[in-house]
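A.B. asks: Just one file: target-v5.tsv, with TSV, C-alpha atoms.
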chain	number	residue	atom	x	y	z
B	3	MET	CA	3.45	-121.63	111.98
B	4	SER	CA	3.12	-118.92	109.39
B	5	ASP	CA	1.13	-119.38	106.19
B	6	VAL	CA	1.81	-115.92	104.78
B	7	ARG	CA	4.83	-114.20	103.29
B	8	ARG	CA	5.95	-110.60	103.56
B	9	SER	CA	7.89	-108.77	100.91
B	10	SER	CA	10.29	-106.95	103.25
B	11	PRO	CA	11.10	-106.96	106.97
B	12	LEU	CA	9.61	-104.34	109.23
B	13	SER	CA	11.55	-102.00	111.47
B	14	PRO	CA	11.15	-102.61	115.22
B	15	ARG	CA	8.84	-99.60	115.48
B	16	GLN	CA	6.67	-100.77	112.57
B	17	LEU	CA	6.47	-104.28	114.03
B	18	ASN	CA	5.44	-102.96	117.45
B	19	LEU	CA	2.72	-100.80	115.92
B	20	ALA	CA	1.39	-103.73	113.88
B	21	ILE	CA	1.28	-105.98	116.93
B	22	LEU	CA	-0.34	-103.21	118.99
B	23	ALA	CA	-3.05	-102.85	116.33
B	24	LEU	CA	-3.77	-106.58	116.41
B	25	ALA	CA	-3.71	-106.66	120.22
B	26	MET	CA	-6.22	-103.79	120.33
B	27	GLY	CA	-8.71	-106.07	118.58
B	28	GLY	CA	-8.12	-108.69	121.27
B	29	PHE	CA	-8.68	-106.02	123.91
B	30	GLY	CA	-12.08	-105.18	122.44
B	31	ILE	CA	-13.05	-108.83	122.07
B	32	GLY	CA	-12.11	-109.62	125.66
B	33	THR	CA	-14.02	-106.61	126.95
B	34	THR	CA	-17.30	-107.45	125.23
B	35	GLU	CA	-17.06	-111.15	126.06
B	36	PHE	CA	-16.63	-110.75	129.82
B	37	ALA	CA	-18.05	-107.34	130.78
B	38	ILE	CA	-21.62	-108.49	130.19
B	39	MET	CA	-21.21	-110.97	133.05
B	40	GLY	CA	-20.55	-108.17	135.52
B	41	LEU	CA	-23.62	-106.32	134.26
B	42	MET	CA	-25.95	-109.30	134.42
B	43	GLY	CA	-28.17	-107.75	137.11
B	44	GLU	CA	-28.60	-104.47	135.24
B	45	MET	CA	-29.34	-106.25	131.96
B	46	THR	CA	-31.91	-108.70	133.33
B	47	GLY	CA	-33.64	-105.93	135.28
B	48	ALA	CA	-33.86	-103.60	132.29
B	49	LEU	CA	-35.16	-106.31	129.94
B	50	ASN	CA	-37.36	-107.90	132.61
B	51	ILE	CA	-35.89	-111.36	132.05
B	52	SER	CA	-34.72	-114.10	134.41
B	53	ASP	CA	-31.11	-114.89	135.33
B	54	SER	CA	-31.35	-118.00	133.18
B	55	GLU	CA	-32.44	-115.93	130.16
B	56	GLY	CA	-29.58	-113.55	130.92
B	57	GLY	CA	-27.26	-116.54	130.72
B	58	HIS	CA	-28.63	-117.23	127.23
B	59	VAL	CA	-27.32	-113.82	126.13
B	60	ILE	CA	-23.86	-114.97	127.17
B	61	SER	CA	-24.41	-118.30	125.43
B	62	ALA	CA	-25.49	-116.56	122.19
B	63	TYR	CA	-22.10	-114.85	121.95
B	64	ALA	CA	-20.29	-118.09	122.69
B	65	ILE	CA	-22.29	-119.97	120.06
B	66	GLY	CA	-21.33	-117.27	117.56
B	67	VAL	CA	-17.66	-117.92	118.34
B	68	VAL	CA	-18.12	-121.66	117.92
B	69	VAL	CA	-19.83	-121.27	114.55
B	70	GLY	CA	-17.60	-118.49	113.25
B	71	ALA	CA	-14.17	-119.77	114.27
B	72	PRO	CA	-13.80	-122.76	111.94
B	73	LEU	CA	-16.12	-121.38	109.26
B	74	LEU	CA	-14.48	-117.98	108.82
B	75	ALA	CA	-10.93	-119.34	109.33
B	76	ALA	CA	-11.48	-121.84	106.52
B	77	LEU	CA	-13.26	-119.40	104.18
B	78	GLY	CA	-10.48	-116.87	104.68
B	79	ALA	CA	-7.69	-119.30	103.80
B	80	ARG	CA	-7.09	-117.68	100.39
B	81	LEU	CA	-8.07	-114.08	101.22
B	82	PRO	CA	-5.55	-111.27	101.88
B	83	ARG	CA	-4.74	-111.40	105.58
B	84	LYS	CA	-4.93	-107.67	106.24
B	85	GLY	CA	-8.27	-107.32	104.47
B	86	MET	CA	-9.60	-110.37	106.31
B	87	ALA	CA	-8.58	-108.91	109.69
B	88	ILE	CA	-10.31	-105.62	108.87
B	89	GLY	CA	-13.42	-107.43	107.68
B	90	LEU	CA	-13.63	-109.46	110.89
B	91	MET	CA	-13.36	-106.32	113.00
B	92	VAL	CA	-16.08	-104.63	110.93
B	93	VAL	CA	-18.47	-107.50	111.70
B	94	PHE	CA	-17.44	-107.36	115.36
B	95	THR	CA	-18.07	-103.61	115.55
B	96	VAL	CA	-21.45	-103.80	113.80
B	97	GLY	CA	-22.53	-106.58	116.14
B	98	ASN	CA	-21.69	-104.58	119.25
B	99	LEU	CA	-23.33	-101.40	118.00
B	100	SER	CA	-26.42	-103.45	117.14
B	101	SER	CA	-26.39	-104.75	120.74
B	102	TYR	CA	-26.34	-101.15	121.98
B	103	PHE	CA	-29.49	-100.30	120.02
B	104	ALA	CA	-31.26	-103.63	120.68
B	105	SER	CA	-34.66	-102.75	122.14
B	106	GLU	CA	-35.85	-106.29	122.83
B	107	TYR	CA	-34.49	-109.63	124.02
B	108	GLY	CA	-34.56	-111.42	120.66
B	109	TRP	CA	-32.71	-108.60	118.92
B	110	LEU	CA	-30.05	-108.66	121.64
B	111	LEU	CA	-29.58	-112.42	121.28
B	112	LEU	CA	-29.07	-112.10	117.53
B	113	SER	CA	-26.68	-109.16	117.94
B	114	ARG	CA	-24.58	-111.03	120.49
B	115	PHE	CA	-24.40	-114.02	118.13
B	116	LEU	CA	-23.18	-111.71	115.35
B	117	SER	CA	-20.59	-110.14	117.68
B	118	GLY	CA	-19.18	-113.57	118.50
B	119	LEU	CA	-18.76	-114.79	114.91
B	120	PRO	CA	-15.35	-113.09	114.28
B	121	HIS	CA	-13.89	-113.87	117.73
B	122	GLY	CA	-12.01	-117.13	117.17
B	123	ALA	CA	-11.15	-116.46	113.53
B	124	TYR	CA	-9.67	-113.08	114.46
B	125	PHE	CA	-7.39	-114.53	117.13
B	126	GLY	CA	-6.26	-117.33	114.84
B	127	LEU	CA	-5.56	-114.88	112.01
B	128	ALA	CA	-3.87	-112.32	114.27
B	129	ALA	CA	-1.53	-115.01	115.62
B	130	VAL	CA	-0.51	-116.04	112.09
B	131	ILE	CA	0.03	-112.41	111.00
B	132	ALA	CA	2.13	-111.62	114.08
B	133	ALA	CA	4.27	-114.72	113.54
B	134	SER	CA	4.79	-113.95	109.85
B	135	LEU	CA	5.91	-110.37	110.57
B	136	SER	CA	8.49	-111.38	113.19
B	137	ALA	CA	11.89	-113.00	113.02
B	138	PRO	CA	11.77	-116.80	113.50
B	139	THR	CA	13.28	-116.51	116.97
B	140	ARG	CA	10.64	-113.97	118.06
B	141	ARG	CA	7.47	-115.53	116.72
B	142	ALA	CA	6.22	-116.91	120.02
B	143	HIS	CA	6.82	-113.57	121.70
B	144	ALA	CA	4.88	-111.75	118.98
B	145	VAL	CA	1.92	-114.13	119.29
B	146	ALA	CA	1.99	-113.73	123.07
B	147	MET	CA	1.88	-109.95	122.73
B	148	VAL	CA	-1.18	-110.16	120.50
B	149	MET	CA	-2.94	-112.43	122.98
B	150	LEU	CA	-1.98	-110.05	125.78
B	151	GLY	CA	-4.78	-107.77	124.56
B	152	LEU	CA	-7.30	-110.36	125.75
B	153	SER	CA	-5.64	-110.65	129.17
B	154	ILE	CA	-5.39	-106.89	129.65
B	155	ALA	CA	-9.08	-106.58	128.78
B	156	ASN	CA	-9.90	-108.59	131.87
B	157	VAL	CA	-7.82	-106.28	134.06
B	158	ILE	CA	-8.65	-102.89	132.54
B	159	GLY	CA	-11.34	-103.07	129.86
B	160	VAL	CA	-13.86	-105.22	131.72
B	161	PRO	CA	-13.75	-103.25	135.02
B	162	ILE	CA	-14.03	-99.93	133.18
B	163	ALA	CA	-16.89	-101.19	131.02
B	164	THR	CA	-18.64	-102.57	134.12
B	165	TRP	CA	-18.20	-99.28	135.95
B	166	LEU	CA	-19.50	-97.26	132.99
B	167	GLY	CA	-22.40	-99.66	132.59
B	168	GLN	CA	-23.43	-99.21	136.21
B	169	ILE	CA	-23.31	-95.41	135.96
B	170	PHE	CA	-24.64	-94.72	132.45
B	171	GLY	CA	-26.61	-97.90	131.79
B	172	TRP	CA	-25.56	-101.43	130.87
B	173	ARG	CA	-25.82	-100.73	127.12
B	174	THR	CA	-22.93	-98.26	127.38
B	175	MET	CA	-20.56	-101.21	127.41
B	176	PHE	CA	-21.48	-102.04	123.81
B	177	LEU	CA	-20.92	-98.46	122.72
B	178	LEU	CA	-17.46	-98.48	124.31
B	179	VAL	CA	-16.55	-101.74	122.59
B	180	GLY	CA	-17.87	-100.42	119.28
B	181	ALA	CA	-15.51	-97.45	119.62
B	182	ILE	CA	-12.61	-99.85	120.33
B	183	GLY	CA	-13.57	-101.78	117.20
B	184	VAL	CA	-13.46	-98.64	115.06
B	185	LEU	CA	-10.07	-97.71	116.55
B	186	THR	CA	-8.76	-101.20	115.80
B	187	ILE	CA	-9.87	-100.99	112.16
B	188	ILE	CA	-8.04	-97.67	111.75
B	189	MET	CA	-4.90	-99.00	113.44
B	190	ILE	CA	-4.82	-102.15	111.30
B	191	MET	CA	-5.29	-100.11	108.12
B	192	ARG	CA	-2.41	-97.84	109.06
B	193	SER	CA	0.04	-100.25	110.73
B	194	VAL	CA	-0.36	-103.80	109.41
B	195	PRO	CA	1.35	-104.35	106.03
B	196	HIS	CA	-0.21	-106.19	103.12
B	197	LEU	CA	0.74	-109.86	103.16
B	198	GLN	CA	0.91	-112.36	100.33
B	199	VAL	CA	-1.09	-115.54	100.79
B	200	LYS	CA	1.01	-118.70	100.67
B	201	LYS	CA	0.78	-120.50	97.34
B	202	GLY	CA	-1.48	-123.52	97.55
B	203	ALA	CA	-3.46	-122.27	100.55
B	204	SER	CA	-6.99	-123.65	100.45
B	205	ILE	CA	-10.12	-124.28	102.47
B	206	ARG	CA	-9.52	-128.02	102.12
B	207	GLY	CA	-6.01	-127.72	103.52
B	208	GLU	CA	-7.21	-125.87	106.61
B	209	LEU	CA	-10.08	-128.25	107.23
B	210	GLY	CA	-7.66	-131.20	107.09
B	211	ALA	CA	-7.01	-130.64	110.80
B	212	LEU	CA	-10.51	-131.88	111.58
B	213	LYS	CA	-9.70	-135.46	110.55
B	214	HIS	CA	-7.40	-136.03	113.54
B	215	LEU	CA	-8.99	-137.73	116.57
B	216	GLN	CA	-6.64	-136.00	119.01
B	217	VAL	CA	-7.79	-132.58	117.76
B	218	TRP	CA	-11.33	-133.47	118.77
B	219	MET	CA	-10.16	-134.95	122.07
B	220	THR	CA	-8.30	-131.76	122.91
B	221	LEU	CA	-11.29	-129.61	122.01
B	222	LEU	CA	-13.49	-131.78	124.25
B	223	ILE	CA	-11.05	-131.31	127.15
B	224	GLY	CA	-11.43	-127.54	126.80
B	225	ILE	CA	-15.20	-127.64	126.32
B	226	VAL	CA	-15.95	-129.79	129.34
B	227	GLY	CA	-13.09	-128.90	131.65
B	228	PHE	CA	-13.20	-125.14	131.14
B	229	GLY	CA	-16.99	-125.09	131.40
B	230	GLY	CA	-16.64	-124.99	135.17
B	231	PHE	CA	-14.80	-121.68	134.98
B	232	PHE	CA	-17.69	-120.11	133.07
B	233	ALA	CA	-20.34	-121.73	135.24
B	234	VAL	CA	-18.94	-119.57	138.04
B	235	TYR	CA	-17.98	-116.46	136.06
B	236	SER	CA	-21.33	-116.18	134.27
B	237	TYR	CA	-23.15	-115.64	137.57
B	238	ILE	CA	-20.42	-113.88	139.51
B	239	SER	CA	-22.48	-110.69	139.83
B	240	PRO	CA	-25.49	-112.17	141.67
B	241	THR	CA	-23.23	-114.54	143.61
B	242	MET	CA	-21.18	-111.69	145.05
B	243	THR	CA	-24.21	-109.53	145.86
B	244	GLU	CA	-26.71	-112.18	146.99
B	245	VAL	CA	-24.45	-114.75	148.69
B	246	THR	CA	-21.37	-112.81	149.78
B	247	GLY	CA	-23.34	-109.65	150.50
B	248	LEU	CA	-21.02	-107.25	148.69
B	249	PRO	CA	-22.51	-104.04	147.30
B	250	SER	CA	-22.87	-103.84	143.53
B	251	THR	CA	-20.35	-100.97	143.49
B	252	THR	CA	-17.59	-103.50	144.28
B	253	LEU	CA	-18.25	-105.59	141.15
B	254	PRO	CA	-15.61	-103.76	139.07
B	255	ILE	CA	-13.09	-104.81	141.73
B	256	VAL	CA	-14.38	-108.38	141.57
B	257	VAL	CA	-13.99	-108.64	137.79
B	258	ALA	CA	-10.57	-106.96	138.02
B	259	LEU	CA	-9.49	-109.68	140.46
B	260	TYR	CA	-10.71	-112.28	137.99
B	261	GLY	CA	-8.70	-110.53	135.29
B	262	LEU	CA	-5.53	-110.39	137.39
B	263	GLY	CA	-5.99	-114.06	138.14
B	264	MET	CA	-6.28	-114.84	134.42
B	265	VAL	CA	-3.13	-112.86	133.56
B	266	THR	CA	-1.23	-114.64	136.34
B	267	GLY	CA	-2.59	-118.02	135.30
B	268	ASN	CA	-1.64	-117.52	131.65
B	269	ILE	CA	1.94	-116.71	132.59
B	270	ILE	CA	2.29	-119.66	134.97
B	271	GLY	CA	0.42	-122.00	132.64
B	272	GLY	CA	2.76	-121.13	129.78
B	273	ARG	CA	5.81	-122.00	131.86
B	274	LEU	CA	4.25	-125.25	133.04
B	275	ALA	CA	3.35	-126.20	129.47
B	276	ASP	CA	7.01	-125.81	128.47
B	277	ILE	CA	7.80	-128.56	130.98
B	278	SER	CA	4.94	-130.94	130.11
B	279	VAL	CA	1.83	-130.17	128.08
B	280	MET	CA	-0.27	-133.17	129.05
B	281	GLY	CA	1.12	-133.22	132.59
B	282	THR	CA	-0.06	-129.63	133.04
B	283	ILE	CA	-3.51	-130.47	131.68
B	284	TYR	CA	-3.86	-133.39	134.12
B	285	TRP	CA	-2.71	-131.34	137.11
B	286	VAL	CA	-4.72	-128.21	136.33
B	287	MET	CA	-7.93	-130.16	135.74
B	288	GLY	CA	-7.70	-131.74	139.16
B	289	VAL	CA	-6.93	-128.44	140.86
B	290	ILE	CA	-9.85	-126.73	139.06
B	291	ALA	CA	-12.26	-129.31	140.44
B	292	LEU	CA	-10.99	-128.91	144.01
B	293	THR	CA	-10.91	-125.11	143.79
B	294	LEU	CA	-14.50	-124.88	142.56
B	295	VAL	CA	-15.71	-127.07	145.41
B	296	ALA	CA	-13.87	-124.82	147.87
B	297	PHE	CA	-15.29	-121.73	146.11
B	298	SER	CA	-18.86	-122.82	146.89
B	299	PHE	CA	-18.01	-122.52	150.61
B	300	ALA	CA	-15.58	-119.60	150.43
B	301	VAL	CA	-18.13	-117.18	148.94
B	302	GLN	CA	-19.98	-117.04	152.26
B	303	TRP	CA	-17.40	-114.55	153.59
B	304	ALA	CA	-16.11	-111.49	151.74
B	305	PRO	CA	-12.32	-111.94	152.29
B	306	THR	CA	-12.29	-115.59	151.20
B	307	ALA	CA	-14.75	-114.85	148.38
B	308	LEU	CA	-12.40	-112.26	146.88
B	309	LEU	CA	-9.41	-114.57	147.32
B	310	PHE	CA	-11.15	-117.40	145.51
B	311	VAL	CA	-12.34	-115.11	142.73
B	312	PHE	CA	-8.65	-114.52	142.01
B	313	LEU	CA	-7.79	-118.23	142.39
B	314	VAL	CA	-10.57	-119.44	140.08
B	315	GLY	CA	-9.44	-116.96	137.41
B	316	ALA	CA	-5.79	-117.95	137.80
B	317	ILE	CA	-6.21	-121.71	137.87
B	318	GLY	CA	-8.71	-121.72	135.02
B	319	ALA	CA	-6.40	-119.62	132.82
B	320	MET	CA	-3.48	-121.99	133.48
B	321	LEU	CA	-5.22	-124.45	131.19
B	322	ILE	CA	-5.29	-122.19	128.11
B	323	PRO	CA	-1.59	-122.31	127.04
B	324	SER	CA	-1.48	-126.09	127.36
B	325	LEU	CA	-4.60	-126.53	125.26
B	326	GLN	CA	-3.23	-124.17	122.61
B	327	VAL	CA	0.11	-126.00	122.40
B	328	ARG	CA	-1.64	-129.35	122.38
B	329	LEU	CA	-3.77	-128.32	119.41
B	330	LEU	CA	-0.71	-127.11	117.52
B	331	ASP	CA	1.10	-130.38	118.28
B	332	VAL	CA	-1.72	-132.56	116.98
B	333	SER	CA	-2.43	-130.31	113.95
B	334	PRO	CA	0.91	-128.96	112.65
B	335	ASP	CA	-0.36	-128.42	109.10
B	336	ALA	CA	-3.22	-126.04	110.01
B	337	PRO	CA	-2.03	-123.70	112.80
B	338	SER	CA	-4.47	-120.92	111.89
B	339	LEU	CA	-7.49	-123.18	112.13
B	340	ALA	CA	-6.09	-124.83	115.26
B	341	SER	CA	-5.80	-121.46	116.99
B	342	SER	CA	-9.34	-120.61	115.97
B	343	LEU	CA	-10.67	-123.93	117.19
B	344	ASN	CA	-9.12	-123.39	120.60
B	345	HIS	CA	-11.22	-120.26	121.06
B	346	ALA	CA	-14.27	-122.08	119.68
B	347	ALA	CA	-13.80	-124.79	122.29
B	348	LEU	CA	-13.41	-122.31	125.13
B	349	ASN	CA	-16.54	-120.46	124.07
B	350	THR	CA	-18.45	-123.71	123.81
B	351	ALA	CA	-17.37	-124.10	127.43
B	352	ASN	CA	-18.72	-120.59	127.99
B	353	ALA	CA	-22.11	-121.57	126.59
B	354	LEU	CA	-22.15	-124.89	128.45
B	355	GLY	CA	-21.16	-123.36	131.78
B	356	ALA	CA	-23.64	-120.49	131.52
B	357	PHE	CA	-26.45	-122.87	130.53
B	358	LEU	CA	-25.84	-125.47	133.25
B	359	GLY	CA	-25.29	-122.77	135.85
B	360	GLY	CA	-28.63	-121.25	134.91
B	361	VAL	CA	-30.35	-124.64	135.14
B	362	VAL	CA	-29.28	-125.32	138.73
B	363	ILE	CA	-30.15	-121.76	139.75
B	364	GLU	CA	-33.63	-122.13	138.22
B	365	LEU	CA	-34.02	-125.39	140.14
B	366	GLY	CA	-33.62	-123.39	143.32
B	367	TRP	CA	-30.22	-124.79	144.33
B	368	GLY	CA	-28.76	-121.34	144.90
B	369	TYR	CA	-25.90	-119.30	143.45
B	370	THR	CA	-23.22	-121.60	144.88
B	371	ALA	CA	-24.52	-124.55	142.85
B	372	PRO	CA	-22.83	-123.50	139.55
B	373	ALA	CA	-19.43	-123.96	141.21
B	374	LEU	CA	-20.29	-127.55	142.13
B	375	VAL	CA	-21.50	-128.17	138.58
B	376	GLY	CA	-18.19	-126.75	137.39
B	377	ALA	CA	-16.27	-129.14	139.63
B	378	VAL	CA	-18.09	-132.09	138.05
B	379	LEU	CA	-17.30	-130.75	134.57
B	380	ALA	CA	-13.61	-130.40	135.47
B	381	ALA	CA	-13.55	-133.99	136.70
B	382	ILE	CA	-15.07	-135.17	133.41
B	383	GLY	CA	-12.52	-133.07	131.52
B	384	LEU	CA	-9.73	-134.79	133.46
B	385	GLY	CA	-11.15	-138.13	132.40
B	386	VAL	CA	-11.09	-137.08	128.74
B	387	ALA	CA	-7.50	-135.84	129.12
B	388	LEU	CA	-6.39	-139.14	130.64
B	389	ALA	CA	-8.04	-141.01	127.76
B	390	SER	CA	-6.28	-138.75	125.23
B	391	GLY	CA	-2.93	-139.35	126.90
B	392	ARG	CA	-3.52	-143.09	126.86
B	393	ILE	CA	-4.17	-142.98	123.11
B	394	ASP	CA	-0.88	-141.12	122.68
B	395	ARG	CA	1.03	-143.76	124.61
B	396	ARG	CA	-0.55	-146.59	122.62
B	397	THR	CA	0.27	-144.83	119.34
B	398	ARG	CA	3.91	-144.35	120.33
B	399	ALA	CA	4.18	-147.93	121.51
B	400	ALA	CA	2.73	-149.21	118.22
B	401	ALA	CA	5.18	-147.06	116.25
B	402	THR	CA	8.25	-148.32	118.13
B	403	GLU	CA	7.26	-152.01	118.28
B	404	PRO	CA	8.19	-152.88	114.64
B	405	ALA	CA	11.59	-151.23	115.05
B	406	GLU	CA	12.24	-153.22	118.23
B	407	ARG	CA	11.34	-156.46	116.44
B	408	VAL	CA	13.75	-155.69	113.59
B	409	SER	CA	16.61	-154.96	116.00
B	410	VAL	CA	15.97	-158.24	117.87
B	411	SER	CA	15.93	-160.29	114.67
Rewrite the coordinates I just gave you, this time as structure tokens.
C.D. replies:
Amino acid sequence: MSDVRRSSPLSPRQLNLAILALAMGGFGIGTTEFAIMGLMGEMTGALNISDSEGGHVISAYAIGVVVGAPLLAALGARLPRKGMAIGLMVVFTVGNLSSYFASEYGWLLLSRFLSGLPHGAYFGLAAVIAASLSAPTRRAHAVAMVMLGLSIANVIGVPIATWLGQIFGWRTMFLLVGAIGVLTIIMIMRSVPHLQVKKGASIRGELGALKHLQVWMTLLIGIVGFGGFFAVYSYISPTMTEVTGLPSTTLPIVVALYGLGMVTGNIIGGRLADISVMGTIYWVMGVIALTLVAFSFAVQWAPTALLFVFLVGAIGAMLIPSLQVRLLDVSPDAPSLASSLNHAALNTANALGAFLGGVVIELGWGYTAPALVGAVLAAIGLGVALASGRIDRRTRAAATEPAERVSVS
């Protein structure tokens, strides 16, 4: 998995500090990506824009991730890993501070796009660095600890940012994330060692992953299937206040429940993926579709609404480990780019879900309609997954057929 080499092993304390520094970046990224959804009402009111236009702010960030993930991961193939990580966090910090000062809608869209550019590349790079610093038997654990920053953001960072945004203004969230970005830069400079780039590393080598059909099939599963999750999450604020009738002061609790669901789902999804990667993808896709249909009815009452907020977060997050492992399986020679592409796919889902959710709301179908759109997307994603699995079975059958003929003859 690693494409870097270190000159000497780190002590346990040094390793923990390095991983903590990398995870802090994930914490900041997760906070800025999701907190804006809980502040949708405040943002649209302050800028005098519609809910659909507010969804475009979310989409702008996601598009930045999609563009930046493969581009920056490939361009950084031959750059020093520590310097590349710092550079990505500098861009991330500047983008968020620019969002804080954005005085008009267009400026905010551009700033959110800039903030999203380093997202996927950072996670891909951080995973490779963490793996290279750890013993071979602890690599998966190290990568998981780095990714834990993203999960914890949904439990702690997003609720706090939402709460601060409601009290001191929605732009405060960007200032908080900018401060986290600065802290991450300092921690990486102090704790992450310099790493030697593997001899022969190249942009062409990383981009070689894109020639595999199953890579694209897996990305499409994530884009379409996970879009339903974001169709709901993007408009969770008006759904809870307008449909469920909860006061806006409860929104930090709502997003915290989503975060707890995502942490739970990641853990369960990882264990399920160890049993069967494709089997988990099939099962989770079907459950996502059914859950989103049920969500559209459950949000009418506060107790069931809160329960299904947790369930949607949990079941959606169960898909992430399987997609990540699937990408690594079908692209073993470019793990860094594969990791980046996974986040690009999920943020394409973010853009797709936010856009389609905004369309049905603008058509007057109500705030429960995005969940039904999400259910349709999940069903399509299941279809793509089944097609991908069928290709796998045909490929294996074709590979074993000549051997069987030789043994018979």
A.B. asks: What's the separation between CA of Val375 (chain B) and CA of Val301 (chain B), in Å to one decimal place?
C.D. replies: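 Separation between CA of Val375 (chain B) and CA of Val301 (chain B): 15.5 Å.
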A.B. asks: Enclose region 280-286 of chain B, meaning all of its atoms listed in the file, in a box aligned along x, y and z, pad it by 6 Å on each side, and list the centre and edge lengths in Å to one decimal, as AutoDock Vina command-line options.
C.D. replies:
--center_x -1.8 --center_y -130.8 --center_z 133.1 --size_x 17.8 --size_y 17.2 --size_z 20.1
A.B. asks: So the first atom is CA of Ser390 (chain B) and the second is CA of Met264 (chain B); what is the distance between them in Å, to one decimal place?
C.D. replies: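 Atom-to-atom, CA of Ser390 (chain B) to CA of Met264 (chain B), that is 25.6 Å.
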A.B. asks: Neighbours of Pro254 (chain B) within 8 Å (all atoms listed in the file; same-chain residues fewer than 3 positions away dropped), as a VMD selection string?
C.D. replies: chain B and resid 40 160 to 162 164 to 165 251 257 to 258
A.B. asks: Could you check which of B:Ile238, B:Leu212, B:Val93, B:Ile38 is closest to Thr252 (chain B), using all atoms listed in the file?
C.D. replies: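 Smallest distance to Thr252 (chain B) is found for B:Ile238.
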A.B. asks: Considering only C-alpha atoms, return as number ranges by chain whatever protein or nucleic-acid residues lie within 7 Å of Thr350 (chain B), sequence-local ones (same chain, fewer than 6 positions apart) excluded.
C.D. replies: B: 64-65, 68, 225
A.B. asks: Residues within 7 Å of Thr220 (chain B), please, as a count of residues only. Count all atoms listed in the file; anything in the same chain fewer than 3 positions from it doesn't count.
C.D. replies: 6
A.B. asks: Calculated over only C-alpha atoms, which of the candidates B:Gln326, B:Thr397, B:Thr293, B:Ser52 has the smallest distance to Leu348 (chain B)?
C.D. replies: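 Looking only at the distances to Leu348 (chain B), the closest residue turns out to be B:Gln326.
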A.B. asks: Could you state the separation of CA of Ala137 (chain B) and CA of Gly122 (chain B) in Å, given to one decimal place?
C.D. replies: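 Computing the Euclidean distance for CA of Ala137 (chain B) and CA of Gly122 (chain B) yields 24.6 Å.
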A.B. asks: Quick one: everything within 12 Å of Pro14 (chain B), counting all atoms listed in the file, minus sequence neighbours fewer than 3 positions away in the same chain. Send it as a list in words.
C.D. replies: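 Once the adjacent positions are removed, what remains is Pro11, Leu17, Asn18, Leu19, Ala20, Ile21, Leu135, Ser136, Ala137, Arg140 and Ala144 of chain B.
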A.B. asks: Would you export the selected residues with C-alpha atoms as a PDB file, in the coordinates of the input, please?
C.D. replies:
ATOM      1  CA  PRO B  11      11.100-106.960 106.970  1.00  0.00           C
ATOM      2  CA  LEU B  17       6.470-104.280 114.030  1.00  0.00           C
ATOM      3  CA  ASN B  18       5.440-102.960 117.450  1.00  0.00           C
ATOM      4  CA  LEU B  19       2.720-100.800 115.920  1.00  0.00           C
ATOM      5  CA  ALA B  20       1.390-103.730 113.880  1.00  0.00           C
ATOM      6  CA  ILE B  21       1.280-105.980 116.930  1.00  0.00           C
ATOM      7  CA  LEU B 135       5.910-110.370 110.570  1.00  0.00           C
ATOM      8  CA  SER B 136       8.490-111.380 113.190  1.00  0.00           C
ATOM      9  CA  ALA B 137      11.890-113.000 113.020  1.00  0.00           C
ATOM     10  CA  ARG B 140      10.640-113.970 118.060  1.00  0.00           C
ATOM     11  CA  ALA B 144       4.880-111.750 118.980  1.00  0.00           C
TER      12      ALA B 144
END
A.B. asks: Between B:Lys213, B:Ser54, B:Gly171, B:Gly267, single out the one closest to Pro372 (chain B), counting all atoms listed in the file.
C.D. replies: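 Of the candidates, the smallest distance to Pro372 (chain B) is held by B:Ser54.
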A.B. asks: For each of B:Ala356, B:Ile190, B:Ala377, B:Leu112, take the minimum atom-to-atom distance to Gly318 (chain B), counting all atoms listed in the file, then give the residue where this is smallest.
C.D. replies: B:Ala377
A.B. asks: Calculated over only C-alpha atoms, which of the candidates B:Trp367, B:Met149, B:Gly376, B:Leu197 has the smallest distance to Ile322 (chain B)?
C.D. replies: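 Checking each of B:Trp367, B:Met149, B:Gly376, B:Leu197 against Ile322 (chain B), counting only C-alpha atoms, the winner is B:Met149.
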A.B. asks: With a distance cut-off of 10 Å and all atoms listed in the file, select the neighbouring residues of Thr370 (chain B), excluding the residue or stretch itself and same-chain residues fewer than 6 positions from it, and output the selection as a PyMOL selection string.
C.D. replies: chain B and resi 234+237-238+241+245+294-295+297-302+359+362-363
A.B. asks: Nearest to Leu309 (chain B) among B:Ala296, B:Ile382, B:Ala104, B:Val148, with distances taken over all atoms listed in the file: which residue is it?
C.D. replies: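 Counting all atoms listed in the file, the residue closest to Leu309 (chain B) is B:Ala296.
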